[in-house]
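*Asks:* Let me give you the structure first, and then I'll get to my questions.
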Amino acid sequence: MTELPEGLVKGRRTPTFTVDTVPLALTKAHLTAAWAVVEVEAGSLEFVDEATGDRFVLESGARHVIVPGQRHHVEPDDAAAFAVQFWDEE
């Protein structure tokens, strides 16, 4: 799935993370309870789907929808800057 479903509203947004500031929990397998979109602002970020093993390299300007309950982790490169925008049901 590459798009958010209808009827969601913007929720909280994380600060912008870099390779030096990314919380360790994001680099290990985890999941979210809400819909989310990872937005890459600079560099690149590898998004790893833990269930399938699929790996997506997201370059600057890219975004990737995270489905609630999807186990995943991220691997930022040295130049990466990214944030996560959460979406709530109305």
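Labeling convention for the structure tokens: chains A, B, ... as they appear, residues from 1 per chain, ligands from 1 in order of appearance.
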What lies within 8 Å of region 30-37 of chain A using only C-alpha atoms, ignoring chain neighbours under 6 positions off, as a PyMOL selection string?
*Replies:* chain A and resi 4+63-73+84-88
*Asks:* What's around region 46-58 of chain A at 7 Å? Count only C-alpha atoms, leave out sequence neighbours fewer than 2 positions away in its own chain, and write the answer as an mmCIF file with C-alpha atoms, in the first residue's frame.
*Replies:*
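Generated output (part-v3.cif):
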data_model
loop_
_atom_site.group_PDB
_atom_site.id
_atom_site.type_symbol
_atom_site.label_atom_id
_atom_site.label_comp_id
_atom_site.auth_asym_id
_atom_site.auth_seq_id
_atom_site.Cartn_x
_atom_site.Cartn_y
_atom_site.Cartn_z
ATOM 1 C CA ALA A 29 12.171 -4.216 14.780
ATOM 2 C CA VAL A 40 13.070 11.595 3.969
ATOM 3 C CA SER A 44 18.727 8.156 2.139
ATOM 4 C CA SER A 60 15.661 12.575 -0.289
ATOM 5 C CA ALA A 62 10.630 10.236 -0.769
ATOM 6 C CA ARG A 71 6.904 -4.743 11.934
ATOM 7 C CA HIS A 72 9.783 -2.786 10.426
ATOM 8 C CA HIS A 73 13.002 -0.929 11.123
ATOM 9 C CA VAL A 74 15.006 1.793 9.417
ATOM 10 C CA GLU A 75 18.680 2.131 8.512
ATOM 11 C CA PRO A 76 19.675 5.769 7.843
#
*Asks:* Sorted by chain and rising residue number, list the residues of region 41-82 of chain A at most 7 Å from region 7-22 of chain A (counting only C-alpha atoms), each with its closest atom pair and distance in Å to one decimal, as CSV.
*Replies:*
residue,atom,partner,partner_atom,distance
A:Pro76,CA,A:Val19,CA,5.8
A:Asp77,CA,A:Val19,CA,6.6
A:Asp78,CA,A:Val19,CA,5.8
A:Ala80,CA,A:Thr18,CA,5.5
A:Ala81,CA,A:Thr18,CA,4.6
A:Phe82,CA,A:Thr16,CA,5.3
*Asks:* DSSP on the backbone, strand (DSSP E or B) only: what residues of region 5-88 of chain A does that give? Format it as a compact mmCIF listing (two decimals) with N, CA and C atoms, in the first residue's frame.
*Replies:*
# COMPACT_ATOMS: atom_id res chain seq x y z
N LEU A 8 -8.40 10.06 7.40
CA LEU A 8 -7.38 10.26 8.44
C LEU A 8 -7.04 11.74 8.55
N VAL A 9 -6.63 12.15 9.74
CA VAL A 9 -6.18 13.53 9.96
C VAL A 9 -4.77 13.50 10.54
N LYS A 10 -4.02 14.54 10.24
CA LYS A 10 -2.65 14.61 10.76
C LYS A 10 -2.64 14.57 12.28
N GLY A 11 -1.74 13.75 12.80
CA GLY A 11 -1.52 13.68 14.23
C GLY A 11 -0.16 14.27 14.54
N ARG A 12 0.50 13.71 15.50
CA ARG A 12 1.82 14.24 15.88
C ARG A 12 2.88 13.91 14.84
N ARG A 13 3.93 14.70 14.85
CA ARG A 13 5.07 14.50 13.95
C ARG A 13 6.32 14.46 14.81
N PHE A 17 15.11 13.47 12.50
CA PHE A 17 16.20 12.64 13.01
C PHE A 17 17.32 12.55 12.00
N THR A 18 18.53 12.36 12.48
CA THR A 18 19.70 12.09 11.66
C THR A 18 20.31 10.78 12.15
N HIS A 30 10.18 -2.91 15.20
CA HIS A 30 9.11 -2.29 16.00
C HIS A 30 7.89 -2.12 15.11
N TRP A 35 -1.48 4.74 11.61
CA TRP A 35 -0.89 4.95 10.29
C TRP A 35 0.22 5.98 10.43
N ALA A 36 1.26 5.83 9.64
CA ALA A 36 2.38 6.77 9.69
C ALA A 36 2.99 6.89 8.30
N VAL A 37 3.71 7.99 8.11
CA VAL A 37 4.45 8.20 6.86
C VAL A 37 5.85 8.65 7.24
N VAL A 38 6.85 7.89 6.80
CA VAL A 38 8.23 8.33 7.00
C VAL A 38 8.57 9.22 5.80
N GLU A 39 9.12 10.41 6.10
CA GLU A 39 9.44 11.40 5.09
C GLU A 39 10.93 11.69 5.13
N VAL A 40 11.62 11.41 4.03
CA VAL A 40 13.07 11.60 3.97
C VAL A 40 13.37 13.01 3.47
N GLU A 41 14.07 13.77 4.29
CA GLU A 41 14.37 15.17 3.97
C GLU A 41 15.73 15.33 3.29
N ALA A 42 16.66 14.43 3.58
CA ALA A 42 18.01 14.48 3.00
C ALA A 42 18.63 13.09 3.07
N SER A 44 19.61 9.29 2.43
CA SER A 44 18.73 8.16 2.14
C SER A 44 18.52 7.32 3.39
N LEU A 45 17.43 6.58 3.35
CA LEU A 45 17.00 5.78 4.48
C LEU A 45 16.54 4.44 3.93
N GLU A 46 17.02 3.36 4.51
CA GLU A 46 16.54 2.05 4.10
C GLU A 46 15.43 1.63 5.05
N PHE A 47 14.27 1.30 4.50
CA PHE A 47 13.11 0.84 5.26
C PHE A 47 13.03 -0.67 5.07
N VAL A 48 13.00 -1.42 6.18
CA VAL A 48 13.00 -2.87 6.11
C VAL A 48 11.71 -3.41 6.70
N ASP A 49 10.95 -4.15 5.88
CA ASP A 49 9.72 -4.82 6.32
C ASP A 49 10.15 -6.14 6.96
N ARG A 55 13.27 -4.67 1.37
CA ARG A 55 14.04 -3.49 1.74
C ARG A 55 13.80 -2.42 0.68
N PHE A 56 13.47 -1.22 1.14
CA PHE A 56 13.22 -0.11 0.22
C PHE A 56 14.19 1.01 0.55
N VAL A 57 14.95 1.46 -0.43
CA VAL A 57 15.83 2.60 -0.24
C VAL A 57 15.04 3.85 -0.60
N LEU A 58 14.86 4.72 0.38
CA LEU A 58 14.11 5.95 0.21
C LEU A 58 15.10 7.10 0.12
N GLU A 59 15.10 7.78 -1.00
CA GLU A 59 16.01 8.91 -1.21
C GLU A 59 15.36 10.21 -0.76
N ARG A 63 8.70 9.44 0.41
CA ARG A 63 7.88 9.14 1.58
C ARG A 63 7.41 7.70 1.47
N HIS A 64 7.16 7.08 2.62
CA HIS A 64 6.72 5.69 2.63
C HIS A 64 5.65 5.52 3.69
N VAL A 65 4.50 4.96 3.29
CA VAL A 65 3.39 4.72 4.21
C VAL A 65 3.69 3.49 5.06
N ILE A 66 3.48 3.64 6.37
CA ILE A 66 3.65 2.54 7.31
C ILE A 66 2.27 2.15 7.83
N HIS A 72 8.80 -3.36 11.34
CA HIS A 72 9.78 -2.79 10.43
C HIS A 72 10.92 -2.17 11.23
N HIS A 73 11.96 -1.77 10.53
CA HIS A 73 13.00 -0.93 11.12
C HIS A 73 13.60 -0.08 10.01
N VAL A 74 14.38 0.92 10.40
CA VAL A 74 15.01 1.79 9.42
C VAL A 74 16.52 1.80 9.61
N GLU A 75 17.22 2.04 8.51
CA GLU A 75 18.68 2.13 8.51
C GLU A 75 19.08 3.41 7.78
N PRO A 76 19.31 4.51 8.50
CA PRO A 76 19.67 5.77 7.84
C PRO A 76 21.14 5.76 7.40
N ALA A 81 18.33 12.62 6.90
CA ALA A 81 17.50 13.43 7.79
C ALA A 81 16.07 13.01 7.46
N PHE A 82 15.32 12.61 8.48
CA PHE A 82 13.97 12.12 8.22
C PHE A 82 13.08 12.35 9.44
N ALA A 83 11.78 12.34 9.19
CA ALA A 83 10.79 12.49 10.26
C ALA A 83 9.65 11.52 9.99
N VAL A 84 8.84 11.29 11.01
CA VAL A 84 7.67 10.43 10.86
C VAL A 84 6.42 11.24 11.21
N GLN A 85 5.49 11.28 10.26
CA GLN A 85 4.21 11.94 10.47
C GLN A 85 3.17 10.87 10.77
N PHE A 86 2.52 10.98 11.92
CA PHE A 86 1.47 10.03 12.30
C PHE A 86 0.12 10.58 11.87
N TRP A 87 -0.80 9.67 11.58
CA TRP A 87 -2.14 10.02 11.12
C TRP A 87 -3.16 9.33 11.99
N ASP A 88 -4.18 10.06 12.41
CA ASP A 88 -5.21 9.54 13.30
C ASP A 88 -6.54 9.44 12.57
*Asks:* As an mmCIF file with N, CA and C atoms, in the first residue's frame, please: every residue in chain A that DSSP puts in helix (DSSP H, G or I).
*Replies:*
data_model
loop_
_atom_site.group_PDB
_atom_site.id
_atom_site.type_symbol
_atom_site.label_atom_id
_atom_site.label_comp_id
_atom_site.auth_asym_id
_atom_site.auth_seq_id
_atom_site.Cartn_x
_atom_site.Cartn_y
_atom_site.Cartn_z
ATOM 1 N N LEU A 24 17.340 4.595 19.033
ATOM 2 C CA LEU A 24 17.770 3.218 18.800
ATOM 3 C C LEU A 24 16.575 2.320 18.490
ATOM 4 N N ALA A 25 15.436 2.582 19.114
ATOM 5 C CA ALA A 25 14.242 1.750 18.905
ATOM 6 C C ALA A 25 13.805 1.733 17.443
ATOM 7 N N LEU A 26 14.046 2.813 16.703
ATOM 8 C CA LEU A 26 13.637 2.853 15.299
ATOM 9 C C LEU A 26 14.539 2.009 14.405
ATOM 10 N N THR A 27 15.747 1.715 14.881
ATOM 11 C CA THR A 27 16.686 0.922 14.095
ATOM 12 C C THR A 27 16.564 -0.572 14.405
#
